[in-house]
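Okay, query_2.cif is below, mmCIF, C-alpha atoms and all ligand atoms:
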```
data_data
#
loop_
_atom_site.label_atom_id
_atom_site.label_comp_id
_atom_site.auth_asym_id
_atom_site.auth_seq_id
_atom_site.Cartn_x
_atom_site.Cartn_y
_atom_site.Cartn_z
CA MET A 1 -304.94 -139.91 0.81
CA ARG A 2 -303.86 -136.34 0.18
CA ASN A 3 -304.39 -134.86 -3.22
CA PRO A 4 -300.82 -134.63 -4.51
CA GLU A 5 -301.58 -131.26 -6.06
CA SER A 6 -302.38 -129.82 -2.65
CA VAL A 7 -298.99 -130.78 -1.22
CA GLN A 8 -296.92 -127.68 -0.64
CA ILE A 9 -293.27 -127.75 -1.59
CA PRO A 10 -291.42 -126.18 1.34
CA GLN A 11 -290.41 -122.65 0.40
CA SER A 12 -287.00 -122.87 1.99
CA PRO A 13 -284.63 -120.70 -0.01
CA ARG A 14 -282.15 -123.54 0.01
CA TRP A 15 -284.26 -125.82 -2.17
CA GLU A 16 -283.27 -125.01 -5.72
CA PRO A 17 -286.50 -124.17 -7.56
CA HIS A 18 -285.43 -125.89 -10.78
CA LEU A 19 -283.78 -129.05 -9.51
CA TRP A 20 -285.45 -132.40 -8.94
CA PRO A 21 -283.10 -134.45 -6.76
CA PRO A 22 -282.81 -138.25 -7.04
CA PHE A 23 -284.27 -140.63 -4.44
CA THR A 24 -285.61 -137.71 -2.38
CA GLN A 25 -289.03 -136.87 -0.98
CA ILE A 26 -288.70 -133.09 -0.86
CA THR A 27 -291.73 -132.67 1.39
CA SER A 28 -290.09 -134.49 4.28
CA SER A 29 -286.35 -134.03 3.70
CA SER A 30 -284.01 -131.23 4.55
CA PRO A 31 -282.41 -129.39 1.64
CA PRO A 32 -279.09 -130.68 0.37
CA LYS A 33 -275.83 -129.04 1.27
CA ARG A 34 -273.92 -127.27 -1.43
CA ALA A 35 -270.63 -128.91 -2.39
CA ILE A 36 -267.94 -126.47 -3.44
CA SER A 37 -264.92 -128.69 -3.98
CA GLY A 38 -263.44 -132.05 -3.11
CA LYS A 39 -259.96 -133.23 -2.26
CA GLY A 40 -259.10 -136.80 -1.38
CA ALA A 41 -261.73 -138.15 1.01
CA LEU A 42 -262.96 -134.65 1.91
CA LEU A 43 -265.83 -132.58 0.55
CA ALA A 44 -265.73 -128.82 1.10
CA LEU A 45 -269.22 -127.36 1.57
CA GLU A 46 -270.83 -123.96 1.64
CA SER A 47 -271.69 -122.82 5.18
CA HIS A 48 -270.72 -126.15 6.71
CA PRO A 49 -267.43 -127.67 7.90
CA PRO A 50 -265.88 -130.20 5.49
CA LEU A 51 -267.17 -133.77 5.54
CA ILE A 52 -265.39 -137.05 5.00
CA ASP A 53 -267.15 -138.74 2.10
CA ALA A 54 -267.42 -142.13 3.78
CA ILE A 55 -269.53 -143.67 1.00
CA SER A 56 -267.48 -142.46 -1.97
CA SER A 57 -270.42 -140.38 -3.24
CA TRP A 58 -272.70 -143.31 -4.06
CA TRP A 59 -269.78 -145.71 -4.39
CA VAL A 60 -268.15 -144.06 -7.38
CA THR A 61 -265.22 -142.02 -6.05
CA LEU A 62 -262.46 -144.58 -6.06
CA HIS A 63 -259.15 -142.79 -5.50
CA GLY A 64 -260.57 -139.67 -3.83
CA HIS A 65 -262.14 -136.47 -5.10
CA ALA A 66 -260.46 -134.40 -7.81
CA HIS A 67 -257.50 -136.75 -8.10
CA PRO A 68 -254.93 -134.62 -9.95
CA TYR A 69 -253.68 -137.40 -12.23
CA ILE A 70 -257.14 -138.36 -13.49
CA ALA A 71 -258.09 -134.67 -13.82
CA LYS A 72 -254.96 -134.05 -15.89
CA GLU A 73 -255.59 -137.03 -18.18
CA ILE A 74 -259.18 -135.91 -18.80
CA ALA A 75 -258.02 -132.37 -19.54
CA ASN A 76 -255.39 -133.62 -22.00
CA GLN A 77 -257.99 -135.73 -23.75
CA ALA A 78 -260.45 -132.82 -23.85
CA HIS A 79 -257.88 -130.80 -25.77
CA THR A 80 -257.29 -133.71 -28.17
CA LEU A 81 -260.63 -135.42 -28.96
CA GLU A 82 -263.69 -134.89 -26.78
CA GLN A 83 -266.19 -137.12 -28.62
CA VAL A 84 -266.56 -139.10 -31.81
CA ILE A 85 -269.37 -141.31 -33.13
CA PHE A 86 -268.29 -144.81 -32.18
CA ALA A 87 -270.15 -146.74 -34.88
CA ASN A 88 -267.83 -145.51 -37.63
CA PHE A 89 -264.74 -144.65 -35.66
CA THR A 90 -262.65 -145.98 -32.86
CA HIS A 91 -259.99 -144.09 -30.89
CA PRO A 92 -256.83 -144.91 -28.95
CA GLN A 93 -258.27 -144.47 -25.44
CA ALA A 94 -261.15 -146.87 -26.14
CA GLU A 95 -258.83 -149.45 -27.69
CA LEU A 96 -256.45 -149.25 -24.75
CA LEU A 97 -259.27 -149.56 -22.22
CA ALA A 98 -260.78 -152.56 -24.02
CA THR A 99 -257.42 -154.33 -24.13
CA ARG A 100 -256.74 -153.68 -20.46
CA LEU A 101 -260.17 -154.68 -19.20
CA SER A 102 -260.22 -157.74 -21.37
CA GLU A 103 -256.94 -158.85 -19.88
CA LYS A 104 -258.05 -158.07 -16.32
CA THR A 105 -261.51 -159.68 -16.50
CA GLY A 106 -260.70 -162.57 -18.82
CA LEU A 107 -263.67 -161.52 -20.97
CA GLN A 108 -262.48 -160.62 -24.44
CA ARG A 109 -265.08 -158.14 -25.68
CA LEU A 110 -266.11 -154.75 -24.34
CA PHE A 111 -269.38 -152.98 -25.15
CA PHE A 112 -269.72 -149.36 -23.97
CA SER A 113 -272.74 -147.73 -22.37
CA ASP A 114 -273.44 -144.82 -20.03
CA ASP A 115 -273.80 -146.00 -16.43
CA GLY A 116 -274.51 -149.04 -14.28
CA SER A 117 -278.13 -149.44 -15.34
CA THR A 118 -277.34 -149.37 -19.04
CA ALA A 119 -274.40 -151.73 -18.57
CA VAL A 120 -276.89 -154.18 -17.03
CA GLU A 121 -279.46 -153.57 -19.79
CA VAL A 122 -276.80 -154.37 -22.36
CA ALA A 123 -275.81 -157.58 -20.57
CA LEU A 124 -279.44 -158.63 -20.37
CA LYS A 125 -280.17 -157.88 -24.02
CA ILE A 126 -277.00 -159.62 -25.17
CA ALA A 127 -277.86 -162.72 -23.14
CA CYS A 128 -281.41 -162.92 -24.48
CA GLN A 129 -280.45 -162.22 -28.10
CA TRP A 130 -277.59 -164.72 -27.93
CA TRP A 131 -280.13 -167.50 -27.39
CA LYS A 132 -282.42 -166.11 -30.08
CA ASN A 133 -279.51 -165.98 -32.54
CA ARG A 134 -278.95 -169.68 -31.88
CA ASN A 135 -282.60 -170.37 -32.70
CA GLU A 136 -283.13 -171.46 -29.13
CA PRO A 137 -285.05 -168.51 -27.69
CA ARG A 138 -285.18 -168.53 -23.91
CA HIS A 139 -287.21 -166.16 -21.80
CA GLN A 140 -286.72 -167.21 -18.22
CA LEU A 141 -284.39 -165.02 -16.17
CA ILE A 142 -283.21 -165.75 -12.67
CA ALA A 143 -282.09 -163.14 -10.14
CA PHE A 144 -281.70 -163.05 -6.38
CA GLU A 145 -283.95 -161.74 -3.62
CA GLY A 146 -282.77 -158.32 -2.50
CA ALA A 147 -281.03 -157.60 -5.82
CA TYR A 148 -280.63 -154.12 -7.23
CA HIS A 149 -279.45 -153.72 -10.81
CA GLY A 150 -280.47 -150.16 -11.65
CA ASP A 151 -283.42 -147.95 -12.46
CA THR A 152 -284.08 -148.42 -16.18
CA PHE A 153 -286.92 -150.80 -16.96
CA GLY A 154 -284.98 -153.97 -17.65
CA ALA A 155 -282.62 -153.42 -14.75
CA MET A 156 -285.57 -152.56 -12.53
CA ALA A 157 -287.35 -155.76 -13.51
CA LEU A 158 -284.30 -157.79 -12.51
CA GLY A 159 -284.25 -156.12 -9.10
CA GLU A 160 -286.24 -157.00 -6.05
CA ARG A 161 -289.81 -155.72 -6.18
CA ASN A 162 -290.10 -152.99 -3.55
CA LEU A 163 -291.18 -149.46 -2.76
CA PHE A 164 -288.93 -148.02 -5.43
CA ASN A 165 -290.37 -149.87 -8.39
CA ALA A 166 -293.92 -150.47 -7.09
CA PRO A 167 -295.54 -147.89 -9.42
CA PHE A 168 -294.31 -149.90 -12.42
CA GLU A 169 -294.89 -153.40 -11.09
CA LYS A 170 -297.37 -154.45 -13.74
CA MET A 171 -295.01 -153.37 -16.49
CA LEU A 172 -292.00 -155.33 -15.26
CA PHE A 173 -291.27 -158.70 -16.87
CA PRO A 174 -291.33 -161.71 -14.55
CA VAL A 175 -288.11 -162.95 -13.01
CA LYS A 176 -287.57 -166.07 -10.93
CA ARG A 177 -286.05 -165.14 -7.61
CA VAL A 178 -283.68 -167.18 -5.49
CA PRO A 179 -282.98 -166.42 -1.81
CA TRP A 180 -279.70 -164.59 -1.16
CA PRO A 181 -278.04 -166.38 1.79
CA SER A 182 -276.39 -163.30 3.26
CA THR A 183 -274.06 -163.87 6.16
CA TRP A 184 -272.10 -162.05 8.84
CA TRP A 185 -269.65 -162.65 11.65
CA GLY A 186 -270.82 -165.48 13.87
CA ASP A 187 -273.70 -166.53 11.59
CA LEU A 188 -274.62 -170.10 12.55
CA ASP A 189 -277.25 -170.64 9.88
CA VAL A 190 -275.24 -169.89 6.79
CA GLU A 191 -274.96 -173.51 5.57
CA LYS A 192 -278.69 -174.01 5.82
CA LYS A 193 -279.49 -170.73 4.06
CA GLU A 194 -277.09 -171.60 1.25
CA ARG A 195 -278.54 -175.07 0.85
CA LEU A 196 -282.07 -173.72 0.52
CA ALA A 197 -280.94 -171.13 -2.01
CA LEU A 198 -279.12 -173.74 -4.10
CA GLU A 199 -282.15 -176.03 -4.03
CA LYS A 200 -284.34 -173.21 -5.30
CA LEU A 201 -281.85 -172.32 -8.01
CA ALA A 202 -281.60 -175.94 -9.15
CA GLU A 203 -285.39 -176.16 -9.29
CA TYR A 204 -285.67 -173.02 -11.46
CA LEU A 205 -282.85 -174.14 -13.71
CA GLU A 206 -284.90 -177.16 -14.75
CA THR A 207 -286.66 -174.71 -17.07
CA PRO A 208 -284.45 -173.47 -19.93
CA THR A 209 -283.09 -170.15 -18.71
CA ALA A 210 -281.57 -167.25 -20.64
CA ALA A 211 -279.35 -166.09 -17.78
CA VAL A 212 -278.79 -165.87 -14.07
CA ILE A 213 -277.74 -162.43 -12.82
CA MET A 214 -276.08 -161.68 -9.50
CA GLU A 215 -274.08 -159.06 -7.65
CA PRO A 216 -271.08 -161.20 -6.75
CA LEU A 217 -270.16 -161.40 -3.05
CA ILE A 218 -272.16 -158.36 -1.96
CA GLN A 219 -275.54 -156.90 -2.76
CA GLY A 220 -275.12 -153.15 -2.32
CA ALA A 221 -278.46 -151.36 -2.32
CA GLY A 222 -280.07 -154.53 -0.95
CA GLY A 223 -278.38 -153.76 2.39
CA MET A 224 -274.66 -154.53 1.93
CA ALA A 225 -275.64 -158.20 2.12
CA MET A 226 -272.58 -160.43 1.78
CA VAL A 227 -272.36 -164.09 0.77
CA ARG A 228 -269.52 -166.59 0.89
CA GLU A 229 -267.26 -167.34 -2.06
CA LYS A 230 -268.10 -171.04 -1.73
CA PHE A 231 -271.76 -170.30 -2.30
CA LEU A 232 -271.05 -168.48 -5.55
CA GLN A 233 -268.90 -171.35 -6.76
CA LYS A 234 -271.81 -173.73 -6.20
CA VAL A 235 -274.15 -171.32 -7.98
CA GLU A 236 -271.80 -171.29 -10.93
CA ASN A 237 -271.62 -175.10 -10.98
CA LEU A 238 -275.40 -175.31 -11.22
CA ILE A 239 -275.44 -172.72 -13.99
CA ARG A 240 -272.80 -174.64 -15.95
CA GLU A 241 -274.65 -177.92 -15.50
CA ALA A 242 -277.80 -176.25 -16.81
CA LYS A 243 -275.79 -174.77 -19.70
CA THR A 244 -277.12 -171.29 -19.17
CA LEU A 245 -275.35 -167.92 -18.87
CA LEU A 246 -274.04 -166.12 -15.83
CA ILE A 247 -274.13 -162.31 -15.66
CA ALA A 248 -272.05 -160.70 -12.93
CA ASP A 249 -273.25 -157.22 -12.05
CA GLU A 250 -269.99 -155.75 -10.78
CA VAL A 251 -271.19 -152.17 -11.01
CA LEU A 252 -270.49 -151.76 -7.31
CA THR A 253 -267.96 -154.51 -6.69
CA GLY A 254 -265.62 -153.80 -9.61
CA PHE A 255 -262.26 -152.08 -9.30
CA GLY A 256 -261.07 -153.29 -5.96
CA ARG A 257 -264.05 -152.70 -3.70
CA THR A 258 -264.03 -156.29 -2.41
CA GLY A 259 -260.25 -156.46 -2.01
CA ASN A 260 -259.66 -157.97 -5.45
CA LEU A 261 -259.91 -156.07 -8.71
CA PHE A 262 -263.17 -157.94 -9.38
CA ALA A 263 -265.43 -159.81 -6.98
CA SER A 264 -265.85 -162.60 -9.52
CA LYS A 265 -262.12 -163.19 -9.44
CA LYS A 266 -262.09 -163.19 -5.66
CA ALA A 267 -264.96 -165.67 -5.60
CA GLY A 268 -263.32 -167.89 -8.21
CA ILE A 269 -266.17 -167.68 -10.70
CA SER A 270 -266.07 -166.96 -14.43
CA PRO A 271 -269.14 -165.10 -15.65
CA ASP A 272 -270.07 -164.96 -19.32
CA LEU A 273 -271.02 -161.29 -19.07
CA MET A 274 -269.96 -158.62 -16.62
CA ALA A 275 -271.45 -155.16 -16.06
CA LEU A 276 -269.08 -152.45 -14.81
CA SER A 277 -269.49 -148.76 -13.99
CA LYS A 278 -269.13 -146.54 -10.86
CA GLY A 279 -265.39 -146.90 -10.10
CA LEU A 280 -264.64 -147.50 -13.79
CA THR A 281 -263.67 -143.86 -14.38
CA GLY A 282 -262.41 -143.44 -10.83
CA GLY A 283 -265.80 -141.80 -10.23
CA PHE A 284 -265.02 -138.85 -12.51
CA LEU A 285 -267.39 -139.41 -15.42
CA PRO A 286 -270.49 -141.48 -16.09
CA MET A 287 -269.68 -144.53 -18.16
CA GLY A 288 -270.66 -148.19 -18.19
CA VAL A 289 -269.19 -151.19 -19.94
CA THR A 290 -270.38 -154.73 -20.46
CA MET A 291 -267.66 -157.33 -20.87
CA ALA A 292 -268.54 -160.45 -22.84
CA SER A 293 -266.74 -163.68 -23.57
CA GLU A 294 -265.63 -164.43 -27.13
CA LYS A 295 -268.18 -167.27 -27.21
CA ILE A 296 -270.97 -164.74 -26.63
CA PHE A 297 -269.52 -162.28 -29.14
CA LYS A 298 -269.33 -164.93 -31.85
CA GLY A 299 -273.05 -165.58 -31.45
CA PHE A 300 -273.69 -162.19 -33.06
CA LEU A 301 -271.62 -162.72 -36.20
CA GLY A 302 -273.15 -163.60 -39.57
CA GLU A 303 -274.72 -162.27 -42.75
CA ASP A 304 -278.26 -162.08 -41.38
CA PRO A 305 -278.93 -158.50 -40.16
CA LYS A 306 -281.14 -159.99 -37.46
CA SER A 307 -278.08 -161.43 -35.73
CA THR A 308 -276.62 -157.93 -35.11
CA PHE A 309 -276.72 -156.41 -31.66
CA TRP A 310 -278.70 -153.28 -32.55
CA HIS A 311 -277.89 -151.24 -29.50
CA GLY A 312 -275.87 -148.09 -28.86
CA HIS A 313 -275.79 -144.76 -27.04
CA SER A 314 -274.89 -141.28 -28.29
CA PHE A 315 -271.95 -141.08 -25.95
CA THR A 316 -270.69 -144.62 -26.56
CA ALA A 317 -266.99 -144.80 -25.66
CA ASN A 318 -266.77 -141.09 -24.88
CA PRO A 319 -263.04 -140.34 -25.09
CA LEU A 320 -263.04 -138.31 -21.86
CA GLY A 321 -264.62 -141.20 -19.97
CA CYS A 322 -262.14 -143.63 -21.52
CA ALA A 323 -259.22 -141.37 -20.58
CA ALA A 324 -260.51 -141.21 -17.00
CA ALA A 325 -260.90 -144.99 -16.91
CA ASN A 326 -257.39 -145.59 -18.24
CA ALA A 327 -255.99 -143.13 -15.71
CA SER A 328 -257.90 -144.86 -12.92
CA LEU A 329 -256.52 -148.23 -14.03
CA ASP A 330 -253.00 -146.74 -13.99
CA LEU A 331 -253.52 -145.83 -10.33
CA LEU A 332 -254.92 -149.27 -9.46
CA ASP A 333 -252.00 -150.94 -11.24
CA GLN A 334 -249.48 -148.78 -9.40
CA GLU A 335 -250.78 -149.46 -5.90
CA PRO A 336 -252.90 -152.62 -5.77
CA GLN A 337 -252.13 -152.95 -2.06
CA LEU A 338 -254.47 -150.00 -1.44
CA PHE A 339 -257.47 -152.21 -2.16
CA GLU A 340 -255.89 -155.58 -1.36
CA GLU A 341 -255.02 -154.55 2.19
CA PHE A 342 -257.97 -152.32 2.97
CA GLU A 343 -259.88 -154.99 4.86
CA SER A 344 -257.17 -155.15 7.51
CA ARG A 345 -257.63 -151.41 8.09
CA HIS A 346 -261.36 -151.81 8.75
CA PHE A 347 -261.04 -154.94 10.81
CA PRO A 348 -259.92 -153.67 14.27
CA HIS A 349 -262.45 -150.82 14.15
CA LEU A 350 -265.38 -153.02 13.15
CA LYS A 351 -264.34 -155.63 15.70
CA SER A 352 -264.50 -153.19 18.56
CA LEU A 353 -267.69 -151.59 17.22
CA SER A 354 -269.32 -155.02 17.06
CA ASN A 355 -269.45 -155.01 20.89
CA HIS A 356 -271.85 -152.06 20.87
CA LYS A 357 -275.35 -153.04 21.91
CA ARG A 358 -276.87 -151.43 18.82
CA VAL A 359 -274.69 -153.37 16.38
CA LYS A 360 -276.09 -156.52 14.78
CA ASN A 361 -274.68 -158.75 12.03
CA PRO A 362 -271.30 -157.06 11.46
CA ARG A 363 -269.72 -157.95 8.14
CA LEU A 364 -266.71 -156.93 6.14
CA ILE A 365 -265.32 -157.45 2.69
CA GLY A 366 -262.41 -155.51 1.22
CA THR A 367 -263.15 -151.80 1.47
CA ILE A 368 -266.76 -152.28 2.64
CA ALA A 369 -267.77 -152.62 6.30
CA ALA A 370 -271.41 -152.89 7.32
CA PHE A 371 -273.77 -153.84 10.12
CA ASN A 372 -277.47 -153.69 10.98
CA LEU A 373 -278.87 -151.53 13.73
CA ASP A 374 -280.37 -153.45 16.60
CA VAL A 375 -283.42 -151.25 16.99
CA ASP A 376 -287.20 -151.56 17.09
CA GLY A 377 -289.50 -150.34 14.36
CA VAL A 378 -289.89 -151.20 10.72
CA LYS A 379 -287.17 -153.37 9.26
CA GLY A 380 -285.30 -152.25 6.20
CA TYR A 381 -285.07 -149.06 4.20
CA LEU A 382 -287.86 -147.15 5.94
CA ASN A 383 -286.40 -147.52 9.42
CA ASN A 384 -285.52 -144.05 10.75
CA ALA A 385 -282.73 -145.06 13.12
CA GLY A 386 -280.17 -144.80 10.33
CA LEU A 387 -281.12 -141.17 9.82
CA ILE A 388 -280.36 -140.42 13.47
CA VAL A 389 -276.92 -141.99 13.07
CA LYS A 390 -276.44 -140.06 9.83
CA GLU A 391 -277.30 -136.70 11.44
CA GLU A 392 -275.01 -137.31 14.39
CA ALA A 393 -272.14 -138.46 12.14
CA MET A 394 -272.55 -135.29 10.09
CA LYS A 395 -271.97 -133.24 13.22
CA LYS A 396 -268.73 -135.17 13.67
CA GLY A 397 -267.57 -134.39 10.15
CA VAL A 398 -268.56 -137.64 8.42
CA PHE A 399 -271.04 -138.16 5.61
CA LEU A 400 -272.90 -141.48 5.74
CA ARG A 401 -275.99 -142.56 3.84
CA PRO A 402 -277.44 -145.53 5.72
CA LEU A 403 -279.69 -147.95 3.87
CA GLY A 404 -282.51 -147.80 6.42
CA ASP A 405 -281.27 -149.86 9.34
CA VAL A 406 -277.99 -150.78 7.63
CA ILE A 407 -274.97 -148.60 8.38
CA TYR A 408 -271.95 -149.01 6.17
CA LEU A 409 -268.64 -147.48 5.23
CA LEU A 410 -267.42 -147.59 1.65
CA PRO A 411 -264.70 -144.94 1.56
CA PRO A 412 -262.31 -143.97 -1.22
CA LEU A 413 -259.00 -145.81 -1.25
CA CYS A 414 -257.10 -142.63 -0.31
CA ILE A 415 -258.78 -142.21 3.09
CA SER A 416 -256.14 -141.75 5.81
CA ASP A 417 -255.99 -143.85 8.98
CA GLU A 418 -257.03 -140.80 11.01
CA GLN A 419 -260.02 -140.16 8.75
CA LEU A 420 -261.08 -143.80 8.93
CA GLU A 421 -260.86 -143.64 12.71
CA GLN A 422 -262.98 -140.49 12.62
CA CYS A 423 -265.62 -142.38 10.62
CA TYR A 424 -265.87 -145.13 13.22
CA SER A 425 -265.89 -142.65 16.08
CA ALA A 426 -268.69 -140.67 14.37
CA ILE A 427 -270.71 -143.87 13.93
CA THR A 428 -270.20 -144.70 17.60
CA SER A 429 -271.52 -141.25 18.56
CA GLY A 430 -274.52 -141.89 16.34
CA LEU A 431 -275.16 -145.29 17.92
CA ASN A 432 -275.02 -143.70 21.36
CA CYS A 433 -277.92 -141.43 20.34
CA LEU A 434 -280.25 -144.38 19.75
C1 LIG B 1 -275.03 -153.51 -8.39
C2 LIG B 1 -275.57 -152.30 -9.11
N1 LIG B 1 -275.97 -152.44 -10.37
C3 LIG B 1 -276.43 -151.39 -11.08
C4 LIG B 1 -276.53 -150.14 -10.51
C5 LIG B 1 -277.05 -149.00 -11.30
O1 LIG B 1 -276.03 -148.11 -11.61
P1 LIG B 1 -276.33 -146.61 -12.03
O2 LIG B 1 -276.87 -145.93 -10.83
O3 LIG B 1 -275.01 -146.07 -12.45
O4 LIG B 1 -277.29 -146.66 -13.15
C6 LIG B 1 -276.11 -149.97 -9.18
C7 LIG B 1 -276.22 -148.65 -8.54
O5 LIG B 1 -276.09 -148.50 -7.36
C8 LIG B 1 -275.62 -151.08 -8.46
O6 LIG B 1 -275.22 -150.99 -7.20
#
```

Translate the structure of the given file into structure tokens.
Amino acid sequence: MRNPESVQIPQSPRWEPHLWPPFTQITSSSPPKRAISGKGALLALESHPPLIDAISSWWVTLHGHAHPYIAKEIANQAHTLEQVIFANFTHPQAELLATRLSEKTGLQRLFFSDDGSTAVEVALKIACQWWKNRNEPRHQLIAFEGAYHGDTFGAMALGERNLFNAPFEKMLFPVKRVPWPSTWWGDLDVEKKERLALEKLAEYLETPTAAVIMEPLIQGAGGMAMVREKFLQKVENLIREAKTLLIADEVLTGFGRTGNLFASKKAGISPDLMALSKGLTGGFLPMGVTMASEKIFKGFLGEDPKSTFWHGHSFTANPLGCAAANASLDLLDQEPQLFEEFESRHFPHLKSLSNHKRVKNPRLIGTIAAFNLDVDGVKGYLNNAGLIVKEEAMKKGVFLRPLGDVIYLLPPLCISDEQLEQCYSAITSGLNCL
């Protein structure tokens, strides 16, 4: 093995000497492009033609870049109240957001955090302390194979063990893992896969369990792996029979991505806790929230200081983030058909693409279309074929970020029909290079 200290950082002038980019091996990657501005689905770049942001900049940009209404609402709020400590104060934007999200999710209480990972951490801590507060401490947690819940330690522990968290493996608490019976068009084995998963879940639930966590309907980072609504309903039934808690990680799926405002609603399940982020602020500002049922909230009331949920972040309920989130909800309320009808816009394109010899396991839910590449080589994230498709798509004006051998589109709601067509045509060009 090479001595890491002997590895030379490429001296390309385009690598910023003081930046450390996320999820990037600098030694073997090309330097990032410089983004100058964004408008709708388009990103304007320095020394490069504009690109369609076909993955909503890591799944956050919901209505398009620099949406003028959200920008205006944030600016107004910045001139009014930019930040206030949330332990001693509340403010109108936070109250409004809590009321609206409570009504939309059916979960009465909202706890603020900073991003998807912290929203999951909060859900996890609430679930575990809820049992402790009842004098029934429970330590078993159940998650699904292929899950991704974030990069902080608790969220990482809940996720699938893989390359990304391998350096920390010994420090991650144990989690029971149930197979995720992902499915696609023409999948003949789905019933069998679901049955095996449910059997495993039932077996684990024989041990008292603090909570089961899942990404409802679609695992994102795990390869845009979709499951059927029916399966989730059966999962919920088992959880209710076992009298444990269900945490829905809707960090990706929230705010219309699956064609309903929330994937849980679409699947007909009622989680006890729900983590939200990404599209929460329309993709403008980092913010996470954890929604909790009143039953959970009540478990933290009482005179004993030990029953308090001792958790908080400096920027809890940042008024700018709340203003952005309220503005984003205004837009979703005004035009729900934009997410409700998105699937029918993908459908004809994905259908015709599914005839390509390199396309395997096509699948579609709401605004998200995905398939696997039918190629040789390593399976999963380290397969290089996706990078070839990515490079070719870039030449055709489309930014993709394949998950190894999984190609997907997750565009902002504002993308035009012509731009969507351009995305599929760019993917086809990429597939023809393989
Ligand atoms: C389902 C899910 N949960 C949690 C996270 C973590 O969110 P963040 O990157 O904002 O910490 C992600 C991020 O992709 C996610 O997809």

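Between Cys128 (chain A) and the candidates A:Ala426, A:Ala369, A:Leu273, A:Leu110, the tightest atom-to-atom separation, counting only C-alpha atoms, involves A:Leu273.
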
Which chains and residue numbers are within 10 Å of ligand LIG 1 (chain B), counting all atoms listed in the file, if I want them as a VMD selection string?
chain A and resid 58 to 60 114 to 121 147 to 152 155 to 156 159 214 to 216 218 to 222 224 248 to 254 275 to 279 286 to 288

May I ask which of the residues A:Ala210, A:Leu261, A:Leu403, A:Val289 is the closest one to Phe23 (chain A), counting only C-alpha atoms?
A:Leu403

Shell around region 413-422 of chain A at 6 Å using only C-alpha atoms, local window under 5 positions removed, as a VMD selection string:
chain A and resid 41 63 to 64

Might you pull out every residue within 8 Å of Glu194 (chain A), with all atoms listed in the file counted and same-chain residues fewer than 5 positions away left off, and present them as a PyMOL selection string?
chain A and resi 180-181+231

Residue completion, region 317-328 of chain A, N, CA and C atoms, as a tab-separated table (two decimals), in the coordinates of the input:
```
chain	number	residue	atom	x	y	z
A	317	ALA	N	-268.46	-144.88	-25.68
A	317	ALA	CA	-266.99	-144.80	-25.66
A	317	ALA	C	-266.48	-143.36	-25.64
A	318	ASN	N	-267.20	-142.50	-24.95
A	318	ASN	CA	-266.77	-141.09	-24.88
A	318	ASN	C	-265.28	-141.02	-24.51
A	319	PRO	N	-264.48	-140.34	-25.32
A	319	PRO	CA	-263.04	-140.34	-25.09
A	319	PRO	C	-262.62	-139.79	-23.72
A	320	LEU	N	-263.39	-138.84	-23.18
A	320	LEU	CA	-263.04	-138.31	-21.86
A	320	LEU	C	-263.24	-139.39	-20.79
A	321	GLY	N	-264.35	-140.11	-20.91
A	321	GLY	CA	-264.62	-141.20	-19.97
A	321	GLY	C	-263.54	-142.28	-20.08
A	322	CYS	N	-263.17	-142.60	-21.32
A	322	CYS	CA	-262.14	-143.63	-21.52
A	322	CYS	C	-260.80	-143.17	-20.94
A	323	ALA	N	-260.48	-141.88	-21.13
A	323	ALA	CA	-259.22	-141.37	-20.58
A	323	ALA	C	-259.23	-141.46	-19.06
A	324	ALA	N	-260.39	-141.12	-18.47
A	324	ALA	CA	-260.51	-141.21	-17.00
A	324	ALA	C	-260.35	-142.66	-16.56
A	325	ALA	N	-260.97	-143.58	-17.30
A	325	ALA	CA	-260.90	-144.99	-16.91
A	325	ALA	C	-259.47	-145.52	-17.04
A	326	ASN	N	-258.79	-145.14	-18.10
A	326	ASN	CA	-257.39	-145.59	-18.24
A	326	ASN	C	-256.52	-145.01	-17.14
A	327	ALA	N	-256.78	-143.75	-16.78
A	327	ALA	CA	-255.99	-143.13	-15.71
A	327	ALA	C	-256.28	-143.83	-14.39
A	328	SER	N	-257.55	-144.17	-14.16
A	328	SER	CA	-257.90	-144.86	-12.92
A	328	SER	C	-257.23	-146.24	-12.86
```
